[in-house]
Each structure stands twice: as structure tokens, then as C-alpha cells.
Amino acid sequence: PDHPHDRVQLIRADLTSYRWQTGAIKLLVIDAMKSAELTLTIAKNFFPSLEEGSLLIQQDFKHFHTSWIHLLHFQLREYLRISRSVENSGTAAFEVLDRIPPELLAQIDFARFSDEEVDTSFAHSLQLVPRDHGVNIAAAHVMHYLHLGRADRARDILIRYESIADQGEFSHVKRRLR
């Protein structure tokens with residue numbers, strides 16, 4: 001008989017070198033996009049195997065440190081639709097609307113994003129979640145510029161979020177700005 005354990009495959013691997021070659025993916029849970037480089041490696045390796053109708057569960061979508069996730073999701077906005085923003089967590093789930101072309105993923109280079117593209121990416125992410133779920137996404141917007149060593153720009157962005165800058169994970173970002 002068909003048992004759930006027969007359909008789920010757990011693989012322990014170094015994600016910087018592992019290559020997915022097993023076929024279509026219906027459910028992808030990601031809790032490993034801890035750097036910009038690893039984010040792109042994971043996306044290029046696994047996202048093309050996501051089928052239409054698949055579910056992508058993205059841990060750290062609402063975390064102050066992982067700003068690159070928003071740049072990636074904005075580039076894939078035609079392929080992913082938010083399904084759920086999990087309350088009191090950094091997690092969001094997305095339905096895959098269509099296969100994600102590997103060529104599109106190959107073109108993404110976070111270093112080439114203009115400030116306008118970055119700001120548009122974060123505005124997009126903030127529109128996806130309920131207003132009270134967006135505080136840490138706003139903090140990630142500021143953090144993006146800190147990752148780049150651009151404290152002046154980070155301070156300018158922080159001013160945009162002044163009304164919520166005493167909530168969520170903003171304290172971590174403000175500490176890094178000092």
C-alpha cells in the first residue's frame with residue numbers, strides 16, 4: 001500500500017554542491033537561505049523542478065537578516081503566489097503558478113540590483129503579507145543596505161519605517177547601525 005513515508009525523501013547534503021536530479025518536486029520546505037550565495041544556489045538547483053501547483057514553504061521570508069530572499073521572490077513574482085503568511089513566525093508559503101525557467105534563475109545577480117529595484121522588491125514583499133506581518137520584512141529592507149556596507153542608505157530607509165521601527169526585529173538592525 002501507498003504510505004506517506006514512501007513519498008517523502010529526506011536527503012542530508014551540502015547544499016553548496018548537491019545537485020537535485022530526482023525529478024519533480026511537489027513540496028519544498030526551505031530553511032537554509034542564510035546567505036545570498038546559498039539562496040541563489042538553492043533556487044537554481046531546486047526551483048526548476050517545482051511543478052505547477054507545488055507548494056514552496058519559505059522559512060525566513062519574514063526575518064530581518066535574510067534580505068536576499070525578497071530580491072529573489074520579486075524576480076519570481078510571476079511564478080509564485082503567496083498562499084499563507086504564518087503568524088508569529090518568519091514563514092510564508094507560496095503556490096507555484098508555473099514552472100520556473102532555469103534561464104531566469106541563471107540571470108539573477110543580486111549585486112546588479114539598483115536601489116530602485118531593491119526598494120521595489122521590498123514594497124512587493126510587504127504587499128504580500130498582512131500589515132502586522134511586515135515589520136521584519138521592513139527591517140530586512142534596512143538590513144539589505146547594511147549587508148552591502150551602505151550605512152547611510154540603511155539610515156535613509158530606516159526613516160521610511162520610523163512608525164514601526166520600535167517593533168519586531170528592528171532592534172537588531174538599529175544595533176548594527178550604531
# chains A, B, ... in the order shown; residues from 1 in each chain; ligands from 1
$ residues_around --residues "Ile57 of chain A" --least-positions-apart "6" --cutoff "9 Å" --atoms "only C-alpha atoms" --output "list of chain:residue names"
A:Leu27, A:Leu28, A:Val29, A:Ile30, A:Asp31, A:Thr91, A:Ala92, A:Ala93, A:Phe94, A:Glu95
$ write_last_selection --atoms "all heavy atoms" --output "PDB file, in the first residue's frame"
ATOM      1  N   LEU A  27       6.422  19.567  -2.964  1.00  0.00           N
ATOM      2  CA  LEU A  27       6.512  20.326  -1.720  1.00  0.00           C
ATOM      3  C   LEU A  27       7.988  20.565  -1.421  1.00  0.00           C
ATOM      4  O   LEU A  27       8.767  19.620  -1.321  1.00  0.00           O
ATOM      5  CB  LEU A  27       5.881  19.539  -0.562  1.00  0.00           C
ATOM      6  CG  LEU A  27       6.058  20.125   0.836  1.00  0.00           C
ATOM      7  CD1 LEU A  27       5.329  21.454   0.969  1.00  0.00           C
ATOM      8  CD2 LEU A  27       5.559  19.136   1.894  1.00  0.00           C
ATOM      9  N   LEU A  28       8.341  21.855  -1.307  1.00  0.00           N
ATOM     10  CA  LEU A  28       9.724  22.209  -0.991  1.00  0.00           C
ATOM     11  C   LEU A  28       9.709  23.117   0.234  1.00  0.00           C
ATOM     12  O   LEU A  28       9.097  24.178   0.215  1.00  0.00           O
ATOM     13  CB  LEU A  28      10.390  22.922  -2.172  1.00  0.00           C
ATOM     14  CG  LEU A  28      11.848  23.328  -2.006  1.00  0.00           C
ATOM     15  CD1 LEU A  28      12.739  22.103  -1.764  1.00  0.00           C
ATOM     16  CD2 LEU A  28      12.331  24.096  -3.239  1.00  0.00           C
ATOM     17  N   VAL A  29      10.345  22.656   1.296  1.00  0.00           N
ATOM     18  CA  VAL A  29      10.463  23.428   2.528  1.00  0.00           C
ATOM     19  C   VAL A  29      11.910  23.893   2.622  1.00  0.00           C
ATOM     20  O   VAL A  29      12.828  23.067   2.612  1.00  0.00           O
ATOM     21  CB  VAL A  29      10.092  22.574   3.760  1.00  0.00           C
ATOM     22  CG1 VAL A  29      10.227  23.393   5.041  1.00  0.00           C
ATOM     23  CG2 VAL A  29       8.690  22.002   3.622  1.00  0.00           C
ATOM     24  N   ILE A  30      12.094  25.204   2.711  1.00  0.00           N
ATOM     25  CA  ILE A  30      13.445  25.764   2.723  1.00  0.00           C
ATOM     26  C   ILE A  30      13.694  26.503   4.029  1.00  0.00           C
ATOM     27  O   ILE A  30      12.978  27.447   4.362  1.00  0.00           O
ATOM     28  CB  ILE A  30      13.664  26.737   1.555  1.00  0.00           C
ATOM     29  CG1 ILE A  30      13.401  26.059   0.215  1.00  0.00           C
ATOM     30  CG2 ILE A  30      15.082  27.304   1.593  1.00  0.00           C
ATOM     31  CD1 ILE A  30      13.394  27.006  -0.952  1.00  0.00           C
ATOM     32  N   ASP A  31      14.737  26.090   4.716  1.00  0.00           N
ATOM     33  CA  ASP A  31      15.204  26.787   5.911  1.00  0.00           C
ATOM     34  C   ASP A  31      16.722  26.827   5.845  1.00  0.00           C
ATOM     35  O   ASP A  31      17.415  26.439   6.782  1.00  0.00           O
ATOM     36  CB  ASP A  31      14.720  26.080   7.184  1.00  0.00           C
ATOM     37  CG  ASP A  31      15.091  26.851   8.449  1.00  0.00           C
ATOM     38  OD1 ASP A  31      15.496  28.032   8.335  1.00  0.00           O
ATOM     39  OD2 ASP A  31      14.993  26.280   9.545  1.00  0.00           O
ATOM     40  N   THR A  91       7.846  32.422   8.535  1.00  0.00           N
ATOM     41  CA  THR A  91       7.489  31.540   7.429  1.00  0.00           C
ATOM     42  C   THR A  91       6.343  32.078   6.581  1.00  0.00           C
ATOM     43  O   THR A  91       5.377  32.617   7.099  1.00  0.00           O
ATOM     44  CB  THR A  91       7.106  30.151   7.975  1.00  0.00           C
ATOM     45  OG1 THR A  91       8.189  29.655   8.768  1.00  0.00           O
ATOM     46  CG2 THR A  91       6.803  29.174   6.857  1.00  0.00           C
ATOM     47  N   ALA A  92       6.476  31.864   5.290  1.00  0.00           N
ATOM     48  CA  ALA A  92       5.402  32.137   4.335  1.00  0.00           C
ATOM     49  C   ALA A  92       5.378  30.982   3.340  1.00  0.00           C
ATOM     50  O   ALA A  92       6.416  30.392   3.020  1.00  0.00           O
ATOM     51  CB  ALA A  92       5.619  33.461   3.623  1.00  0.00           C
ATOM     52  N   ALA A  93       4.187  30.642   2.879  1.00  0.00           N
ATOM     53  CA  ALA A  93       4.024  29.563   1.894  1.00  0.00           C
ATOM     54  C   ALA A  93       3.573  30.170   0.575  1.00  0.00           C
ATOM     55  O   ALA A  93       2.768  31.105   0.549  1.00  0.00           O
ATOM     56  CB  ALA A  93       3.007  28.546   2.397  1.00  0.00           C
ATOM     57  N   PHE A  94       4.083  29.613  -0.509  1.00  0.00           N
ATOM     58  CA  PHE A  94       3.780  30.102  -1.847  1.00  0.00           C
ATOM     59  C   PHE A  94       3.331  28.956  -2.741  1.00  0.00           C
ATOM     60  O   PHE A  94       3.918  27.873  -2.711  1.00  0.00           O
ATOM     61  CB  PHE A  94       5.024  30.753  -2.474  1.00  0.00           C
ATOM     62  CG  PHE A  94       5.484  31.969  -1.729  1.00  0.00           C
ATOM     63  CD1 PHE A  94       6.319  31.846  -0.630  1.00  0.00           C
ATOM     64  CD2 PHE A  94       5.064  33.225  -2.118  1.00  0.00           C
ATOM     65  CE1 PHE A  94       6.733  32.958   0.078  1.00  0.00           C
ATOM     66  CE2 PHE A  94       5.471  34.352  -1.416  1.00  0.00           C
ATOM     67  CZ  PHE A  94       6.310  34.216  -0.318  1.00  0.00           C
ATOM     68  N   GLU A  95       2.311  29.223  -3.537  1.00  0.00           N
ATOM     69  CA  GLU A  95       1.885  28.276  -4.560  1.00  0.00           C
ATOM     70  C   GLU A  95       2.677  28.571  -5.823  1.00  0.00           C
ATOM     71  O   GLU A  95       2.858  29.736  -6.203  1.00  0.00           O
ATOM     72  CB  GLU A  95       0.393  28.439  -4.831  1.00  0.00           C
ATOM     73  CG  GLU A  95      -0.105  27.536  -5.941  1.00  0.00           C
ATOM     74  CD  GLU A  95      -1.537  27.829  -6.353  1.00  0.00           C
ATOM     75  OE1 GLU A  95      -2.177  28.725  -5.771  1.00  0.00           O
ATOM     76  OE2 GLU A  95      -2.000  27.156  -7.289  1.00  0.00           O
TER      77      GLU A  95
END
$ residues_around --residues "Asp132 of chain A" --least-positions-apart "4" --cutoff "12 Å" --atoms "only C-alpha atoms" --output "ChimeraX atom specification"
/A:62,85-89,126-128,136-138,164,167-168
$ select_by_dssp --residues "chain A" --states "alpha helix (DSSP H)" --output "MDAnalysis selection string"
chainID A and resid 4:7 36:46 68:75 102:107 115:128 135:147 151:160 170:177
$ residues_around --residues "His144 of chain A" --least-positions-apart "6" --cutoff "12 Å" --atoms "only C-alpha atoms" --output "NGL selection string"
:A and (35-36 or 63-71 or 110-111 or 113 or 115 or 118-119 or 121-122 or 137-138 or 150-151 or 153-155 or 157-158 or 173 or 176-177)
$ closest_residue --among "A:Glu51, A:Val129, A:Glu103, A:Ile159" --to "Arg84 of chain A" --atoms "only C-alpha atoms"
A:Val129
$ select_by_dssp --residues "chain A" --states "strand (DSSP E or B)" --output "ChimeraX atom specification"
/A:25-30,50-58,80-85,92-96
$ write_last_selection --atoms "C-alpha atoms" --output "mmCIF file, in the first residue's frame"
data_model
loop_
_atom_site.group_PDB
_atom_site.id
_atom_site.type_symbol
_atom_site.label_atom_id
_atom_site.label_comp_id
_atom_site.auth_asym_id
_atom_site.auth_seq_id
_atom_site.Cartn_x
_atom_site.Cartn_y
_atom_site.Cartn_z
ATOM 1 C CA ILE A 25 9.016 18.459 -6.561
ATOM 2 C CA LYS A 26 5.502 18.943 -5.134
ATOM 3 C CA LEU A 27 6.512 20.326 -1.720
ATOM 4 C CA LEU A 28 9.724 22.209 -0.991
ATOM 5 C CA VAL A 29 10.463 23.428 2.528
ATOM 6 C CA ILE A 30 13.445 25.764 2.723
ATOM 7 C CA LEU A 50 8.833 22.683 -8.784
ATOM 8 C CA GLU A 51 5.676 21.701 -10.648
ATOM 9 C CA GLU A 52 2.731 23.959 -11.303
ATOM 10 C CA GLY A 53 0.578 23.702 -8.169
ATOM 11 C CA SER A 54 3.545 22.814 -5.943
ATOM 12 C CA LEU A 55 3.945 24.411 -2.559
ATOM 13 C CA LEU A 56 7.096 26.310 -1.562
ATOM 14 C CA ILE A 57 7.361 26.885 2.176
ATOM 15 C CA GLN A 58 9.885 29.629 2.760
ATOM 16 C CA LEU A 80 4.819 32.348 -7.137
ATOM 17 C CA ARG A 81 1.650 33.429 -5.343
ATOM 18 C CA ILE A 82 1.530 33.739 -1.589
ATOM 19 C CA SER A 83 -0.669 31.092 -0.072
ATOM 20 C CA ARG A 84 -0.186 31.836 3.628
ATOM 21 C CA SER A 85 1.816 34.071 5.910
ATOM 22 C CA ALA A 92 5.402 32.137 4.335
ATOM 23 C CA ALA A 93 4.024 29.563 1.894
ATOM 24 C CA PHE A 94 3.780 30.102 -1.847
ATOM 25 C CA GLU A 95 1.885 28.276 -4.560
ATOM 26 C CA VAL A 96 3.879 27.675 -7.725
#
$ closest_residue --among "A:Lys34, A:Lys44, A:Arg12, A:Arg19" --to "Pro101 of chain A" --atoms "only C-alpha atoms"
A:Lys44
$ atom_distance --atom1 "atom CA of Ser49 of chain A" --atom2 "atom CA of Gly23 of chain A"
6.3 Å
$ atom_distance --atom1 "atom CA of Leu10 of chain A" --atom2 "atom CA of Ala106 of chain A"
26.2 Å
$ atom_distance --atom1 "atom CA of Leu97 of chain A" --atom2 "atom CA of Gln75 of chain A"
13.9 Å
$ closest_residue --among "A:Leu148, A:Met33, A:Ala165, A:Ile108" --to "Val135 of chain A" --atoms "only C-alpha atoms"
A:Ala165
